[in-house]
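Asker: Data: run18.cif, mmCIF, C-alpha atoms and all ligand atoms.
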data_protein
loop_
_atom_site.group_PDB
_atom_site.id
_atom_site.type_symbol
_atom_site.label_atom_id
_atom_site.label_comp_id
_atom_site.auth_asym_id
_atom_site.auth_seq_id
_atom_site.Cartn_x
_atom_site.Cartn_y
_atom_site.Cartn_z
ATOM 1 C CA MET A 9 12.799 8.175 4.292
ATOM 2 C CA ILE A 10 10.222 6.446 2.138
ATOM 3 C CA ARG A 11 6.764 7.635 1.077
ATOM 4 C CA LEU A 12 4.059 4.981 1.392
ATOM 5 C CA PHE A 13 0.364 4.417 0.898
ATOM 6 C CA VAL A 14 -2.016 1.467 1.037
ATOM 7 C CA ALA A 15 -4.258 1.006 -1.987
ATOM 8 C CA LEU A 16 -6.291 -1.334 -4.146
ATOM 9 C CA GLU A 17 -4.940 -2.183 -7.577
ATOM 10 C CA LEU A 18 -7.457 -1.919 -10.390
ATOM 11 C CA PRO A 19 -7.672 -4.543 -13.153
ATOM 12 C CA GLU A 20 -6.377 -3.589 -16.596
ATOM 13 C CA PRO A 21 -9.826 -3.417 -18.268
ATOM 14 C CA VAL A 22 -11.049 -1.041 -15.551
ATOM 15 C CA ARG A 23 -7.973 1.150 -15.977
ATOM 16 C CA ASP A 24 -8.627 1.151 -19.725
ATOM 17 C CA ARG A 25 -12.126 2.439 -19.119
ATOM 18 C CA LEU A 26 -10.865 5.126 -16.746
ATOM 19 C CA ILE A 27 -8.265 6.230 -19.300
ATOM 20 C CA GLY A 28 -11.070 6.303 -21.872
ATOM 21 C CA LEU A 29 -12.865 8.916 -19.778
ATOM 22 C CA GLY A 30 -9.995 11.376 -20.225
ATOM 23 C CA GLY A 31 -9.675 14.359 -22.495
ATOM 24 C CA GLY A 32 -11.680 17.453 -23.148
ATOM 25 C CA VAL A 33 -10.433 19.454 -20.172
ATOM 26 C CA PRO A 34 -7.673 21.925 -21.074
ATOM 27 C CA GLY A 35 -5.041 22.284 -18.347
ATOM 28 C CA ALA A 36 -5.797 18.901 -16.737
ATOM 29 C CA ARG A 37 -2.896 16.546 -15.974
ATOM 30 C CA TRP A 38 -4.274 13.031 -16.357
ATOM 31 C CA THR A 39 -3.147 10.112 -14.185
ATOM 32 C CA GLU A 40 -0.986 7.622 -16.094
ATOM 33 C CA ARG A 41 -2.696 4.279 -16.739
ATOM 34 C CA GLU A 42 -0.267 2.358 -14.511
ATOM 35 C CA ASN A 43 -0.816 4.844 -11.665
ATOM 36 C CA LEU A 44 -4.600 4.465 -11.434
ATOM 37 C CA HIS A 45 -5.514 3.013 -8.025
ATOM 38 C CA LEU A 46 -7.909 3.394 -5.109
ATOM 39 C CA THR A 47 -6.207 4.573 -1.918
ATOM 40 C CA VAL A 48 -7.242 2.768 1.255
ATOM 41 C CA ARG A 49 -4.979 4.754 3.575
ATOM 42 C CA PHE A 50 -2.298 7.334 2.843
ATOM 43 C CA ILE A 51 0.770 6.874 5.060
ATOM 44 C CA GLY A 52 3.237 9.504 3.862
ATOM 45 C CA GLU A 53 6.940 9.792 4.698
ATOM 46 C CA VAL A 54 8.311 7.310 7.225
ATOM 47 C CA GLU A 55 11.803 6.189 8.227
ATOM 48 C CA ASN A 56 12.908 3.119 6.264
ATOM 49 C CA GLY A 57 13.414 1.293 9.556
ATOM 50 C CA VAL A 58 9.673 1.477 10.266
ATOM 51 C CA VAL A 59 8.712 -0.428 7.104
ATOM 52 C CA PRO A 60 8.978 -3.912 8.711
ATOM 53 C CA ASP A 61 6.579 -2.767 11.470
ATOM 54 C CA ILE A 62 4.144 -1.460 8.862
ATOM 55 C CA ASP A 63 4.455 -4.713 6.927
ATOM 56 C CA ALA A 64 3.788 -6.782 10.050
ATOM 57 C CA ALA A 65 0.789 -4.602 10.931
ATOM 58 C CA LEU A 66 -0.715 -4.947 7.441
ATOM 59 C CA ALA A 67 -0.039 -8.693 7.340
ATOM 60 C CA ALA A 68 -2.066 -9.042 10.541
ATOM 61 C CA VAL A 69 -5.127 -7.331 9.039
ATOM 62 C CA SER A 70 -7.955 -9.799 8.631
ATOM 63 C CA ALA A 71 -10.863 -8.630 6.486
ATOM 64 C CA PRO A 72 -13.123 -10.241 3.884
ATOM 65 C CA GLY A 73 -12.742 -9.834 0.139
ATOM 66 C CA PHE A 74 -15.454 -7.834 -1.590
ATOM 67 C CA GLU A 75 -16.659 -6.331 -4.843
ATOM 68 C CA LEU A 76 -16.155 -2.737 -5.837
ATOM 69 C CA VAL A 77 -18.251 -0.636 -8.202
ATOM 70 C CA LEU A 78 -16.922 2.638 -9.582
ATOM 71 C CA ASP A 79 -19.706 5.138 -9.958
ATOM 72 C CA GLY A 80 -19.724 8.602 -11.469
ATOM 73 C CA VAL A 81 -17.102 11.324 -11.561
ATOM 74 C CA GLY A 82 -16.615 14.484 -9.532
ATOM 75 C CA GLN A 83 -14.082 16.969 -8.239
ATOM 76 C CA PHE A 84 -12.491 17.951 -4.947
ATOM 77 C CA GLY A 85 -11.539 21.473 -4.104
ATOM 78 C CA SER A 86 -12.157 24.732 -5.833
ATOM 79 C CA GLY A 87 -8.800 26.480 -5.473
ATOM 80 C CA ALA A 88 -6.663 26.748 -8.588
ATOM 81 C CA LYS A 89 -3.984 24.444 -7.161
ATOM 82 C CA SER A 90 -5.688 21.646 -5.323
ATOM 83 C CA ARG A 91 -8.442 20.590 -7.658
ATOM 84 C CA VAL A 92 -8.690 16.884 -8.361
ATOM 85 C CA LEU A 93 -10.990 15.135 -10.810
ATOM 86 C CA TRP A 94 -12.007 11.676 -9.609
ATOM 87 C CA ALA A 95 -14.077 8.594 -10.316
ATOM 88 C CA GLY A 96 -16.301 7.772 -7.368
ATOM 89 C CA VAL A 97 -16.953 4.513 -5.559
ATOM 90 C CA GLU A 98 -20.443 3.172 -4.908
ATOM 91 C CA ARG A 99 -21.197 2.969 -1.171
ATOM 92 C CA ASN A 100 -19.186 0.022 0.097
ATOM 93 C CA ASP A 101 -19.253 -1.019 3.744
ATOM 94 C CA ALA A 102 -16.544 -3.666 3.202
ATOM 95 C CA LEU A 103 -14.159 -1.025 1.853
ATOM 96 C CA VAL A 104 -14.852 1.247 4.837
ATOM 97 C CA HIS A 105 -14.305 -1.752 7.112
ATOM 98 C CA LEU A 106 -10.963 -2.453 5.419
ATOM 99 C CA ASN A 107 -9.953 1.209 5.806
ATOM 100 C CA GLN A 108 -10.761 0.999 9.536
ATOM 101 C CA LYS A 109 -8.839 -2.266 9.973
ATOM 102 C CA VAL A 110 -5.797 -0.823 8.199
ATOM 103 C CA GLU A 111 -6.106 2.402 10.190
ATOM 104 C CA SER A 112 -6.108 0.669 13.564
ATOM 105 C CA ALA A 113 -3.282 -1.677 12.531
ATOM 106 C CA LEU A 114 -1.108 1.281 11.514
ATOM 107 C CA VAL A 115 -1.902 3.204 14.698
ATOM 108 C CA ARG A 116 -0.961 0.107 16.736
ATOM 109 C CA ALA A 117 2.305 0.063 14.757
ATOM 110 C CA GLY A 118 2.998 3.596 16.008
ATOM 111 C CA LEU A 119 1.840 5.811 13.131
ATOM 112 C CA PRO A 120 -0.207 8.942 13.822
ATOM 113 C CA ARG A 121 -3.955 8.568 13.409
ATOM 114 C CA GLU A 122 -5.502 9.803 10.140
ATOM 115 C CA GLU A 123 -7.754 12.663 11.180
ATOM 116 C CA ARG A 124 -9.383 13.230 7.793
ATOM 117 C CA ARG A 125 -12.520 11.327 6.914
ATOM 118 C CA TYR A 126 -11.972 8.482 4.428
ATOM 119 C CA SER A 127 -13.298 9.503 1.075
ATOM 120 C CA PRO A 128 -12.784 6.706 -1.462
ATOM 121 C CA HIS A 129 -11.975 7.868 -4.989
ATOM 122 C CA VAL A 130 -9.762 7.159 -7.987
ATOM 123 C CA THR A 131 -7.870 10.298 -9.011
ATOM 124 C CA LEU A 132 -8.292 10.820 -12.749
ATOM 125 C CA ALA A 133 -6.559 14.175 -13.151
ATOM 126 C CA ARG A 134 -5.090 17.152 -11.347
ATOM 127 C CA LEU A 135 -6.838 20.185 -12.677
ATOM 128 C CA ARG A 136 -4.588 23.156 -11.959
ATOM 129 C CA SER A 137 -5.660 25.880 -14.365
ATOM 130 C CA ALA A 138 -8.528 23.990 -16.029
ATOM 131 C CA PRO A 139 -11.498 26.302 -16.664
ATOM 132 C CA ALA A 140 -14.349 25.521 -14.252
ATOM 133 C CA GLU A 141 -16.893 25.509 -17.056
ATOM 134 C CA ARG A 142 -15.036 22.732 -18.958
ATOM 135 C CA VAL A 143 -14.618 20.708 -15.775
ATOM 136 C CA GLY A 144 -18.322 21.077 -15.058
ATOM 137 C CA ARG A 145 -19.188 19.829 -18.534
ATOM 138 C CA PHE A 146 -16.819 16.851 -18.176
ATOM 139 C CA ILE A 147 -18.505 15.850 -14.923
ATOM 140 C CA GLN A 148 -21.973 16.252 -16.397
ATOM 141 C CA ASP A 149 -21.157 14.270 -19.556
ATOM 142 C CA ARG A 150 -19.686 11.329 -17.643
ATOM 143 C CA GLY A 151 -22.177 11.240 -14.799
ATOM 144 C CA LEU A 152 -23.404 7.784 -15.799
ATOM 145 C CA PHE A 153 -19.939 6.209 -15.748
ATOM 146 C CA ARG A 154 -19.920 2.861 -13.956
ATOM 147 C CA ALA A 155 -17.351 0.066 -13.810
ATOM 148 C CA GLY A 156 -17.599 -3.250 -12.040
ATOM 149 C CA PRO A 157 -18.370 -5.136 -9.971
ATOM 150 C CA ILE A 158 -14.608 -5.524 -9.517
ATOM 151 C CA PRO A 159 -13.577 -8.467 -7.325
ATOM 152 C CA ILE A 160 -11.053 -7.369 -4.678
ATOM 153 C CA ASP A 161 -9.050 -10.167 -3.075
ATOM 154 C CA HIS A 162 -5.997 -8.278 -1.794
ATOM 155 C CA PHE A 163 -4.691 -4.869 -0.865
ATOM 156 C CA THR A 164 -1.228 -3.512 -1.586
ATOM 157 C CA LEU A 165 1.455 -1.411 0.088
ATOM 158 C CA PHE A 166 2.852 1.093 -2.433
ATOM 159 C CA GLU A 167 5.917 3.282 -2.458
ATOM 160 C CA SER A 168 5.429 6.677 -4.088
ATOM 161 C CA ARG A 169 8.509 8.123 -5.790
ATOM 162 C CA THR A 170 8.937 11.290 -7.762
ATOM 163 C CA GLY A 171 10.084 10.450 -11.270
ATOM 164 C CA ASN A 172 11.026 12.839 -14.064
ATOM 165 C CA GLY A 173 7.629 12.652 -15.674
ATOM 166 C CA GLY A 174 5.585 12.737 -12.439
ATOM 167 C CA PRO A 175 4.957 10.316 -9.566
ATOM 168 C CA VAL A 176 5.839 6.629 -9.835
ATOM 169 C CA TYR A 177 3.940 4.149 -7.657
ATOM 170 C CA ASP A 178 5.754 0.876 -6.952
ATOM 171 C CA PRO A 179 3.802 -2.005 -5.410
ATOM 172 C CA LEU A 180 5.941 -3.346 -2.538
ATOM 173 C CA LYS A 181 3.717 -6.109 -1.159
ATOM 174 C CA ASP A 182 0.248 -7.632 -1.488
ATOM 175 C CA TYR A 183 -1.871 -8.710 1.494
ATOM 176 C CA PRO A 184 -4.694 -11.209 0.913
ATOM 177 C CA LEU A 185 -8.323 -10.600 1.877
ATOM 178 C CA GLY A 186 -10.890 -13.268 2.472
HETATM 179 P P1 LIG A 201 -5.185 11.829 -4.293
HETATM 180 O O1 LIG A 201 -4.959 11.097 -5.567
HETATM 181 O O2 LIG A 201 -6.579 12.221 -4.067
HETATM 182 O O3 LIG A 201 -4.205 12.948 -4.087
HETATM 183 C C1 LIG A 201 -0.733 8.560 -3.294
HETATM 184 O O4 LIG A 201 -0.352 9.881 -3.143
HETATM 185 C C2 LIG A 201 -2.170 8.352 -2.955
HETATM 186 O O5 LIG A 201 -2.429 8.738 -1.593
HETATM 187 C C3 LIG A 201 -3.141 9.142 -3.819
HETATM 188 O O6 LIG A 201 -4.230 8.327 -4.119
HETATM 189 C C4 LIG A 201 -3.550 10.293 -2.928
HETATM 190 O O7 LIG A 201 -4.853 10.752 -3.135
HETATM 191 C C5 LIG A 201 -3.518 9.649 -1.575
HETATM 192 N N1 LIG A 201 -3.379 10.641 -0.519
HETATM 193 C C6 LIG A 201 -4.193 10.793 0.552
HETATM 194 N N2 LIG A 201 -3.774 11.772 1.349
HETATM 195 C C7 LIG A 201 -2.672 12.287 0.773
HETATM 196 C C8 LIG A 201 -1.774 13.344 1.126
HETATM 197 N N3 LIG A 201 -1.918 14.067 2.253
HETATM 198 N N4 LIG A 201 -0.765 13.602 0.280
HETATM 199 C C9 LIG A 201 -0.598 12.889 -0.850
HETATM 200 N N5 LIG A 201 -1.388 11.867 -1.215
HETATM 201 C C10 LIG A 201 -2.423 11.562 -0.422
#
Transcribe the structure of this file into C-alpha cells.
Answerer:
Amino acid sequence: MIRLFVALELPEPVRDRLIGLGGGVPGARWTERENLHLTVRFIGEVENGVVPDIDAALAAVSAPGFELVLDGVGQFGSGAKSRVLWAGVERNDALVHLNQKVESALVRAGLPREERRYSPHVTLARLRSAPAERVGRFIQDRGLFRAGPIPIDHFTLFESRTGNGGPVYDPLKDYPLG
C-alpha cells in the first residue's frame, strides 16, 4: 500500500515566510519547512498497482495555470487532538476548478469520491495541547499575513511516509498546468 495526496508545492521564499510565522504557541508541533504545501486532493492509502491509473488520470487533467495568494491564519477543530493551525488561501476559482478536475479524474480512475468540502489551507502546526488563549492570540497577531501572488504552473502527486521525526512527503511526479 502507498499513501498519496495531490498538492501544490510552495516556492522557497513563501515557505520561509510561513516558517517565520511560527513560535509563541506552547504545545504546537510546527510543520517542517520542506513539508509545507497546499493540498489539492487527499487520496489516502491505495494499492501500489493502482498508481499507474492515478498517474494516467492526473496526466489527463487539463486546467489553466493561476496565481495564488495566501491570506491570514486560522484553526480547524476545537478538540484537544484534532486542532490544526493553518494559513488561508484568498478566494481562488482556478484552484477550486483544479480541485474539481482532479476529483473527477480520480473518480473516473476508480477512487471513491471525496465527500468533504474542499477547504484550501496550508497546515502550519498541529496544536494538540496548546492553550486556546495562546492560539487565539497567535491568530489575532498574524491576521494580516499575506504572501503572493504565487505563480502556479504545475501540481504534484506526493507520497506520504511516516519517518522517525514525523511525516515525510516525497514528490513523485509533476503535472503541468496551462
Ligand atoms: P491537513 O494538513 O489539514 O491534515 C497530507 O496528509 C495532506 O493531505 C495534508 O495536507 C492533509 O491536510 C491532507 N489531508 C486531507 N484529508 C486528509 C485525511 N483524511 N488524512 C490525512 N491527511 C489529509
Asker: Taking only C-alpha atoms and all ligand atoms into account, report as a PyMOL selection string which residues have an atom no farther than 6 Å from an atom of ligand LIG 201 (chain A).
Answerer: chain A and resi 13+47+50+131
Asker: A:Ile10, A:Gly31, A:Arg23, A:Pro72: which is nearest Ala155 (chain A), counting only C-alpha atoms?
Answerer: A:Arg23
Asker: Step by step, work through what the PyMOL selection byres (((chain A and resi 84) around 10) and not hetatm) selects in the shown file, and finish by giving those residues as an mmCIF file with C-alpha atoms, in the frame of the given file.
Answerer:
data_model
loop_
_atom_site.group_PDB
_atom_site.id
_atom_site.type_symbol
_atom_site.label_atom_id
_atom_site.label_comp_id
_atom_site.auth_asym_id
_atom_site.auth_seq_id
_atom_site.Cartn_x
_atom_site.Cartn_y
_atom_site.Cartn_z
ATOM 1 C CA GLY A 82 -16.615 14.484 -9.532
ATOM 2 C CA GLN A 83 -14.082 16.969 -8.239
ATOM 3 C CA GLY A 85 -11.539 21.473 -4.104
ATOM 4 C CA SER A 86 -12.157 24.732 -5.833
ATOM 5 C CA GLY A 87 -8.800 26.480 -5.473
ATOM 6 C CA SER A 90 -5.688 21.646 -5.323
ATOM 7 C CA ARG A 91 -8.442 20.590 -7.658
ATOM 8 C CA VAL A 92 -8.690 16.884 -8.361
ATOM 9 C CA LEU A 93 -10.990 15.135 -10.810
ATOM 10 C CA TRP A 94 -12.007 11.676 -9.609
ATOM 11 C CA THR A 131 -7.870 10.298 -9.011
ATOM 12 C CA ARG A 134 -5.090 17.152 -11.347
ATOM 13 C CA LEU A 135 -6.838 20.185 -12.677
#
Asker: With all atoms listed in the file as the counted atoms, please give the residues lying no more than 12 Å from Gly174 (chain A), apart from itself and same-chain residues fewer than 3 positions off, as a PyMOL selection string.
Answerer: chain A and resi 37-40+43+134+168-171+177
Asker: Based on the selection just made, write C-alpha atoms of those residues as a PDB file, in the coordinates of the input.
Answerer:
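part20.pdb, written as the output of this step:
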ATOM      1  CA  ARG A  37      -2.896  16.546 -15.974  1.00  0.00           C
ATOM      2  CA  TRP A  38      -4.274  13.031 -16.357  1.00  0.00           C
ATOM      3  CA  THR A  39      -3.147  10.112 -14.185  1.00  0.00           C
ATOM      4  CA  GLU A  40      -0.986   7.622 -16.094  1.00  0.00           C
ATOM      5  CA  ASN A  43      -0.816   4.844 -11.665  1.00  0.00           C
ATOM      6  CA  ARG A 134      -5.090  17.152 -11.347  1.00  0.00           C
ATOM      7  CA  SER A 168       5.429   6.677  -4.088  1.00  0.00           C
ATOM      8  CA  ARG A 169       8.509   8.123  -5.790  1.00  0.00           C
ATOM      9  CA  THR A 170       8.937  11.290  -7.762  1.00  0.00           C
ATOM     10  CA  GLY A 171      10.084  10.450 -11.270  1.00  0.00           C
ATOM     11  CA  TYR A 177       3.940   4.149  -7.657  1.00  0.00           C
TER      12      TYR A 177
END
Asker: Translate the PyMOL selection byres (((chain A and resi 144-147) around 12) and not hetatm) into a concrete residue list for this structure, as a ChimeraX atom specification.
Answerer: /A:29-34,36,79-84,86,92-96,132-133,135,138-143,148-153
Asker: Considering all atoms listed in the file, state which residue in the set A:Met9, A:Val97, A:Leu78, A:Val58 is at the smallest distance from Tyr126 (chain A).
Answerer: A:Val97
Asker: Quick one, how far is CA of Leu26 (chain A) from CA of Asp182 (chain A)?
Answerer: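 It comes out at 22.8 Å.
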Asker: What is the CA of Glu111 (chain A)-CA of Pro175 (chain A) distance in Å, reported with one decimal?
Answerer: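 Computing the Euclidean distance for CA of Glu111 (chain A) and CA of Pro175 (chain A) yields 24.0 Å.
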Asker: Please write as a list of chain:residue names the full residue list that the PyMOL selection byres (((chain A and resi 102) around 9) and not hetatm) yields on this file.
Answerer: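 For this structure, the PyMOL selection byres (((chain A and resi 102) around 9) and not hetatm) resolves to A:Ala71, A:Pro72, A:Gly73, A:Phe74, A:Glu75, A:Asn100, A:Asp101, A:Leu103, A:Val104, A:His105, A:Leu106, A:Asn107.
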Asker: Report, in Å with one decimal, the straight-line distance from CA of His45 (chain A) to CA of Asp61 (chain A).
Answerer: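 Separating CA of His45 (chain A) from CA of Asp61 (chain A) is a distance of 23.7 Å.
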Asker: Using all atoms listed in the file, which of A:Val115, A:Ile51, A:Leu76, A:Ala15 sits nearest Thr164 (chain A)?
Answerer: A:Ala15
Asker: Which is closest to Tyr183 (chain A) among A:Arg11, A:His162, A:Arg25, A:Arg116, if we use only C-alpha atoms?
Answerer: A:His162
